[in-house]
Amino acid sequence: GNLMADKDIRRLVEAIVDYLEWEKTIKANGAHRPVTRDSLILIDFLRFAARNELVWEEMFTLHTLKDREKAKTLQRFFKTGPGEYGEGDFFLGIPVPRLRKLSKECGETDLGEVEALIESSVHEERLLALLILIRKYNREDEAGKKRIYGLYLKNTPTINSWDLVDLSAEHIVGAWLAGGNREKLYRLAKSKSLWERRIAIVATFHDIKRGRPDH
């Protein structure tokens, strides 16, 4: 059959999380309830996700960590309103240290699944993907590093916020181009995209921090 759209998966994840939070409250109050239709829907969803190799585990974990009040603050801070630079971006309100910790737990995630997260409309899912990529990059051989570098540049349209760039460009683009050909950096620096120009700037930090500002 046809795969569910990403937005539909995300809505279902949110619905499941809300249901589980409600069920936890019920149990805390001493009530008992048998297996319900909602529980069966949850099981069916997880089976569906596993069959189709979706990144449900990462998505589900992130949505259980969400903080609605903090998310509202981040929506304003990152200028996500109409006409602003972050228009349309959606936040869950998860702090970066928690995402770093989660990236360690997701270190074995397949690159295809990581790329699916990079394409997400949820800010923290994209940031988690980049943090996973950095960890993978540091463990890979030359061929693996090149693949991750290529995947990063392929997805610059969704690496579209200052924190996403600042936490990743140095460690992937900068690391791959360290001491080498600067032609790609020059092309990025001349890009019409604000974020690709920022990637070019931040990538130079890799050499600068190592005392090689002219490389």
# chains A, B, ... in the order shown; residues from 1 in each chain; ligands from 1
call {"tool": "residues_around", "arguments": {"residues": "Leu177 in chain A", "least_positions_apart": "6", "cutoff": "9 Å", "atoms": "only C-alpha atoms", "output": "list of chain:residue names"}}
result
A:Lys184, A:Leu185, A:Ala203, A:Thr204
call {"tool": "select_by_dssp", "arguments": {"residues": "range 78-204 of chain A", "states": "alpha helix (DSSP H)", "output": "VMD selection string"}}
result
chain A and resid 96 to 105 111 to 118 123 to 139 142 to 154 162 to 166 169 175 to 176 183 to 189 194 to 203
call {"tool": "closest_residue", "arguments": {"among": "A:Gln75, A:Leu131, A:Glu115, A:Thr80", "to": "Lys101 in chain A", "atoms": "only C-alpha atoms"}}
result
A:Leu131
call {"tool": "residues_around", "arguments": {"residues": "Tyr186 in chain A", "least_positions_apart": "2", "cutoff": "12 Å", "atoms": "only C-alpha atoms", "output": "list of chain:residue names"}}
result
A:Leu177, A:Asn181, A:Arg182, A:Glu183, A:Lys184, A:Leu188, A:Ala189, A:Lys190, A:Ser191, A:Glu196, A:Arg197, A:Arg198, A:Ile199, A:Ala200, A:Ile201, A:Ala203, A:Thr204
call {"tool": "residues_around", "arguments": {"residues": "range 86-96 of chain A", "least_positions_apart": "3", "cutoff": "8 Å", "atoms": "only C-alpha atoms", "output": "CSV table (one decimal) with all heavy atoms, in the first residue's frame"}}
result
chain,number,residue,atom,x,y,z
A,62,LEU,N,11.4,12.1,20.5
A,62,LEU,CA,11.5,13.6,20.6
A,62,LEU,C,10.1,14.1,21.0
A,62,LEU,O,10.0,15.0,21.8
A,62,LEU,CB,11.8,14.1,19.2
A,62,LEU,CG,13.3,14.0,18.7
A,62,LEU,CD1,13.4,14.5,17.3
A,62,LEU,CD2,14.1,14.8,19.7
A,63,HIS,N,9.0,13.5,20.5
A,63,HIS,CA,7.7,14.1,20.9
A,63,HIS,C,7.4,13.8,22.3
A,63,HIS,O,6.6,14.5,22.9
A,63,HIS,CB,6.7,13.5,19.9
A,63,HIS,CG,6.6,14.2,18.6
A,63,HIS,ND1,5.8,15.3,18.4
A,63,HIS,CD2,7.3,13.9,17.5
A,63,HIS,CE1,6.0,15.7,17.1
A,63,HIS,NE2,6.9,14.9,16.6
A,65,LEU,N,9.5,14.2,24.7
A,65,LEU,CA,10.3,15.2,25.4
A,65,LEU,C,9.9,16.7,25.2
A,65,LEU,O,10.5,17.6,25.7
A,65,LEU,CB,11.8,15.1,24.9
A,65,LEU,CG,12.5,13.8,25.2
A,65,LEU,CD1,13.9,13.8,24.5
A,65,LEU,CD2,12.6,13.5,26.7
A,66,LYS,N,8.8,16.8,24.4
A,66,LYS,CA,8.4,18.2,24.0
A,66,LYS,C,8.0,19.0,25.2
A,66,LYS,O,7.4,18.5,26.2
A,66,LYS,CB,7.3,18.2,23.0
A,66,LYS,CG,6.0,17.6,23.5
A,66,LYS,CD,5.0,17.5,22.3
A,66,LYS,CE,3.7,16.9,22.7
A,66,LYS,NZ,2.8,16.8,21.6
A,67,ASP,N,8.2,20.3,25.1
A,67,ASP,CA,7.8,21.3,26.1
A,67,ASP,C,7.1,22.4,25.4
A,67,ASP,O,7.7,23.3,24.8
A,67,ASP,CB,9.1,21.8,26.8
A,67,ASP,CG,8.8,22.8,28.0
A,67,ASP,OD1,7.8,23.5,27.9
A,67,ASP,OD2,9.6,22.9,28.9
A,68,ARG,N,5.8,22.4,25.6
A,68,ARG,CA,4.9,23.3,24.8
A,68,ARG,C,5.3,24.8,25.1
A,68,ARG,O,5.3,25.6,24.2
A,68,ARG,CB,3.5,23.1,25.1
A,68,ARG,CG,3.0,21.8,24.4
A,68,ARG,CD,1.5,21.6,24.6
A,68,ARG,NE,0.9,20.4,24.0
A,68,ARG,CZ,0.9,19.2,24.5
A,68,ARG,NH1,1.4,19.0,25.7
A,68,ARG,NH2,0.4,18.2,23.8
A,69,GLU,N,5.5,25.1,26.3
A,69,GLU,CA,5.8,26.5,26.7
A,69,GLU,C,7.1,27.0,26.1
A,69,GLU,O,7.3,28.1,25.6
A,69,GLU,CB,5.8,26.7,28.2
A,69,GLU,CG,4.4,26.6,28.8
A,69,GLU,CD,3.4,27.6,28.1
A,69,GLU,OE1,3.7,28.8,28.0
A,69,GLU,OE2,2.3,27.1,27.8
A,70,LYS,N,8.1,26.1,26.2
A,70,LYS,CA,9.4,26.5,25.7
A,70,LYS,C,9.4,26.6,24.1
A,70,LYS,O,10.0,27.4,23.5
A,70,LYS,CB,10.5,25.4,26.1
A,70,LYS,CG,11.9,25.8,25.6
A,70,LYS,CD,13.0,25.0,26.3
A,70,LYS,CE,14.3,25.6,25.9
A,70,LYS,NZ,15.4,24.9,26.6
A,71,ALA,N,8.5,25.7,23.5
A,71,ALA,CA,8.4,25.7,22.1
A,71,ALA,C,7.8,27.0,21.6
A,71,ALA,O,8.3,27.6,20.6
A,71,ALA,CB,7.4,24.6,21.7
A,72,LYS,N,6.9,27.6,22.4
A,72,LYS,CA,6.3,28.9,22.0
A,72,LYS,C,7.4,30.0,22.1
A,72,LYS,O,7.5,30.9,21.2
A,72,LYS,CB,5.2,29.3,23.0
A,72,LYS,CG,3.9,28.4,22.8
A,72,LYS,CD,2.9,28.8,23.8
A,72,LYS,CE,1.7,27.9,23.7
A,72,LYS,NZ,0.6,28.2,24.8
A,74,LEU,N,10.6,29.5,21.7
A,74,LEU,CA,11.6,29.3,20.6
A,74,LEU,C,11.0,29.8,19.2
A,74,LEU,O,11.7,30.3,18.4
A,74,LEU,CB,12.0,27.8,20.5
A,74,LEU,CG,12.8,27.3,21.6
A,74,LEU,CD1,13.0,25.8,21.6
A,74,LEU,CD2,14.2,28.0,21.6
A,75,GLN,N,9.7,29.6,19.1
A,75,GLN,CA,9.0,30.0,17.8
A,75,GLN,C,9.2,31.5,17.6
A,75,GLN,O,9.4,32.0,16.5
A,75,GLN,CB,7.5,29.7,17.9
A,75,GLN,CG,7.2,28.2,18.0
A,75,GLN,CD,7.2,27.5,16.6
A,75,GLN,OE1,7.4,26.3,16.5
A,75,GLN,NE2,6.9,28.2,15.6
A,78,PHE,N,13.3,32.4,17.2
A,78,PHE,CA,13.8,32.0,15.9
A,78,PHE,C,13.0,32.7,14.7
A,78,PHE,O,13.2,32.3,13.5
A,78,PHE,CB,13.9,30.5,15.7
A,78,PHE,CG,15.1,29.9,16.4
A,78,PHE,CD1,15.0,29.5,17.7
A,78,PHE,CD2,16.3,29.8,15.8
A,78,PHE,CE1,16.0,28.9,18.4
A,78,PHE,CE2,17.4,29.3,16.5
A,78,PHE,CZ,17.3,28.8,17.8
A,79,LYS,N,12.2,33.6,15.0
A,79,LYS,CA,11.5,34.4,14.0
A,79,LYS,C,10.8,33.5,13.0
A,79,LYS,O,11.1,33.5,11.8
A,79,LYS,CB,12.5,35.3,13.2
A,79,LYS,CG,13.3,36.2,14.1
A,79,LYS,CD,12.5,37.2,14.9
A,79,LYS,CE,13.3,38.1,15.8
A,79,LYS,NZ,12.5,39.0,16.6
A,80,THR,N,9.8,32.8,13.4
A,80,THR,CA,9.1,31.8,12.6
A,80,THR,C,7.8,32.4,12.0
A,80,THR,O,7.0,31.6,11.4
A,80,THR,CB,8.8,30.5,13.3
A,80,THR,OG1,7.9,30.8,14.5
A,80,THR,CG2,10.1,29.9,13.8
A,81,GLY,N,7.5,33.6,12.3
A,81,GLY,CA,6.2,34.2,11.8
A,81,GLY,C,6.3,34.5,10.3
A,81,GLY,O,7.3,34.5,9.6
A,82,PRO,N,5.1,34.9,9.7
A,82,PRO,CA,5.0,35.2,8.3
A,82,PRO,C,6.0,36.3,7.9
A,82,PRO,O,6.1,37.3,8.5
A,82,PRO,CB,3.6,35.7,8.1
A,82,PRO,CG,2.8,35.0,9.2
A,82,PRO,CD,3.8,35.0,10.4
A,83,GLY,N,6.8,36.1,6.9
A,83,GLY,CA,7.7,37.0,6.4
A,83,GLY,C,9.1,37.1,7.1
A,83,GLY,O,10.0,37.8,6.7
A,99,LEU,N,19.3,16.9,23.2
A,99,LEU,CA,19.4,16.4,21.8
A,99,LEU,C,20.8,15.7,21.6
A,99,LEU,O,20.9,14.7,20.9
A,99,LEU,CB,19.2,17.5,20.8
A,99,LEU,CG,17.7,18.0,20.7
A,99,LEU,CD1,17.7,19.2,19.8
A,99,LEU,CD2,16.8,16.9,20.2
A,100,ARG,N,21.8,16.4,22.2
A,100,ARG,CA,23.2,15.8,22.1
A,100,ARG,C,23.2,14.4,22.8
A,100,ARG,O,23.8,13.5,22.2
A,100,ARG,CB,24.2,16.7,22.8
A,100,ARG,CG,24.5,18.0,22.1
A,100,ARG,CD,25.7,18.7,22.7
A,100,ARG,NE,25.9,20.0,22.2
A,100,ARG,CZ,26.5,20.2,21.0
A,100,ARG,NH1,27.0,19.2,20.3
A,100,ARG,NH2,26.7,21.5,20.6
A,121,SER,N,10.0,18.9,9.0
A,121,SER,CA,9.5,20.3,9.2
A,121,SER,C,9.7,20.6,10.7
A,121,SER,O,9.5,21.8,11.0
A,121,SER,CB,8.0,20.4,8.8
A,121,SER,OG,7.2,19.5,9.6
A,122,VAL,N,10.1,19.7,11.5
A,122,VAL,CA,10.3,19.9,13.0
A,122,VAL,C,11.8,20.3,13.2
A,122,VAL,O,12.7,19.5,12.8
A,122,VAL,CB,9.9,18.7,13.8
A,122,VAL,CG1,10.2,19.0,15.3
A,122,VAL,CG2,8.4,18.4,13.6
A,123,HIS,N,12.0,21.4,13.8
A,123,HIS,CA,13.4,22.0,14.0
A,123,HIS,C,14.3,21.0,14.7
A,123,HIS,O,15.4,20.7,14.3
A,123,HIS,CB,13.3,23.3,14.7
A,123,HIS,CG,14.6,24.0,14.7
A,123,HIS,ND1,14.9,25.0,13.8
A,123,HIS,CD2,15.7,24.0,15.6
A,123,HIS,CE1,16.1,25.5,14.1
A,123,HIS,NE2,16.6,24.9,15.1
A,124,GLU,N,13.8,20.5,15.9
A,124,GLU,CA,14.6,19.6,16.7
A,124,GLU,C,14.9,18.3,16.0
A,124,GLU,O,16.0,17.6,16.2
A,124,GLU,CB,13.9,19.3,18.0
A,124,GLU,CG,14.0,20.4,19.0
A,124,GLU,CD,12.8,21.4,18.8
A,124,GLU,OE1,12.1,21.3,17.8
A,124,GLU,OE2,12.5,22.2,19.7
A,160,ASN,N,18.6,25.4,7.6
A,160,ASN,CA,18.1,26.7,7.3
A,160,ASN,C,17.9,27.6,8.5
A,160,ASN,O,16.9,28.3,8.6
A,160,ASN,CB,16.9,26.6,6.4
A,160,ASN,CG,15.8,25.8,7.1
A,160,ASN,OD1,15.9,25.2,8.1
A,160,ASN,ND2,14.6,25.8,6.5
A,161,SER,N,18.7,27.4,9.5
A,161,SER,CA,18.6,28.3,10.7
A,161,SER,C,20.0,28.4,11.3
A,161,SER,O,20.9,27.6,11.1
A,161,SER,CB,17.7,27.6,11.7
A,161,SER,OG,17.5,28.5,12.9
call {"tool": "atom_distance", "arguments": {"atom1": "CA of Phe205 in chain A", "atom2": "CA of Arg76 in chain A"}}
result
28.4 Å
call {"tool": "residues_around", "arguments": {"residues": "Ala175 in chain A", "least_positions_apart": "2", "cutoff": "10 Å", "atoms": "only C-alpha atoms", "output": "compact mmCIF listing (two decimals) with N, CA, C and O atoms, in the first residue's frame"}}
result
# COMPACT_ATOMS: atom_id res chain seq x y z
N TYR A 137 30.36 11.04 11.17
CA TYR A 137 31.49 11.55 10.39
C TYR A 137 32.81 11.25 11.12
O TYR A 137 33.78 10.81 10.50
N ASN A 138 32.82 11.49 12.39
CA ASN A 138 34.06 11.30 13.17
C ASN A 138 34.51 9.85 13.24
O ASN A 138 35.67 9.57 13.53
N LYS A 145 33.22 9.53 5.16
CA LYS A 145 33.22 10.97 5.41
C LYS A 145 32.75 11.73 4.16
O LYS A 145 31.98 12.69 4.25
N TYR A 149 29.57 14.23 3.88
CA TYR A 149 29.78 15.59 3.37
C TYR A 149 28.82 15.86 2.21
O TYR A 149 28.17 16.91 2.15
N ALA A 169 28.27 22.95 10.58
CA ALA A 169 29.07 23.23 9.38
C ALA A 169 30.57 23.04 9.62
O ALA A 169 31.29 22.46 8.79
N GLU A 170 31.05 23.50 10.74
CA GLU A 170 32.47 23.38 11.07
C GLU A 170 32.92 21.93 11.12
O GLU A 170 34.02 21.57 10.67
N HIS A 171 32.06 21.06 11.64
CA HIS A 171 32.43 19.68 11.93
C HIS A 171 32.28 18.74 10.73
O HIS A 171 32.80 17.62 10.76
N ILE A 172 31.56 19.17 9.71
CA ILE A 172 31.39 18.33 8.52
C ILE A 172 32.00 19.00 7.29
O ILE A 172 32.97 18.50 6.72
N VAL A 173 31.46 20.15 6.89
CA VAL A 173 32.00 20.85 5.72
C VAL A 173 33.43 21.31 5.99
O VAL A 173 34.34 21.10 5.19
N LEU A 177 36.89 19.81 4.10
CA LEU A 177 37.68 20.70 3.26
C LEU A 177 38.94 21.20 3.97
O LEU A 177 39.65 22.05 3.41
N ALA A 178 39.22 20.69 5.15
CA ALA A 178 40.35 21.17 5.95
C ALA A 178 41.65 21.13 5.16
O ALA A 178 42.04 20.09 4.65
N GLY A 179 42.31 22.29 5.09
CA GLY A 179 43.62 22.38 4.45
C GLY A 179 43.62 22.06 2.97
O GLY A 179 44.68 21.89 2.36
N GLY A 180 42.43 21.99 2.36
CA GLY A 180 42.35 21.60 0.95
C GLY A 180 41.79 22.67 0.05
O GLY A 180 41.91 23.87 0.32
N ALA A 203 32.22 27.11 8.37
CA ALA A 203 33.11 25.99 8.03
C ALA A 203 34.58 26.34 8.22
O ALA A 203 35.40 25.49 8.55
N THR A 204 34.91 27.62 8.03
CA THR A 204 36.32 28.04 8.17
C THR A 204 36.80 27.95 9.62
O THR A 204 38.01 27.94 9.86
N PHE A 205 35.88 27.86 10.57
CA PHE A 205 36.27 27.77 11.98
C PHE A 205 37.11 26.52 12.25
O PHE A 205 37.93 26.50 13.17
N HIS A 206 36.89 25.47 11.46
CA HIS A 206 37.63 24.22 11.67
C HIS A 206 39.13 24.46 11.58
O HIS A 206 39.90 24.04 12.45
N ASP A 207 39.57 25.17 10.53
CA ASP A 207 41.00 25.45 10.37
C ASP A 207 41.47 26.57 11.30
O ASP A 207 42.57 26.51 11.84
call {"tool": "closest_residue", "arguments": {"among": "A:Arg98, A:Asp163, A:Arg210, A:Trp176", "to": "Asp141 in chain A", "atoms": "only C-alpha atoms"}}
result
A:Trp176
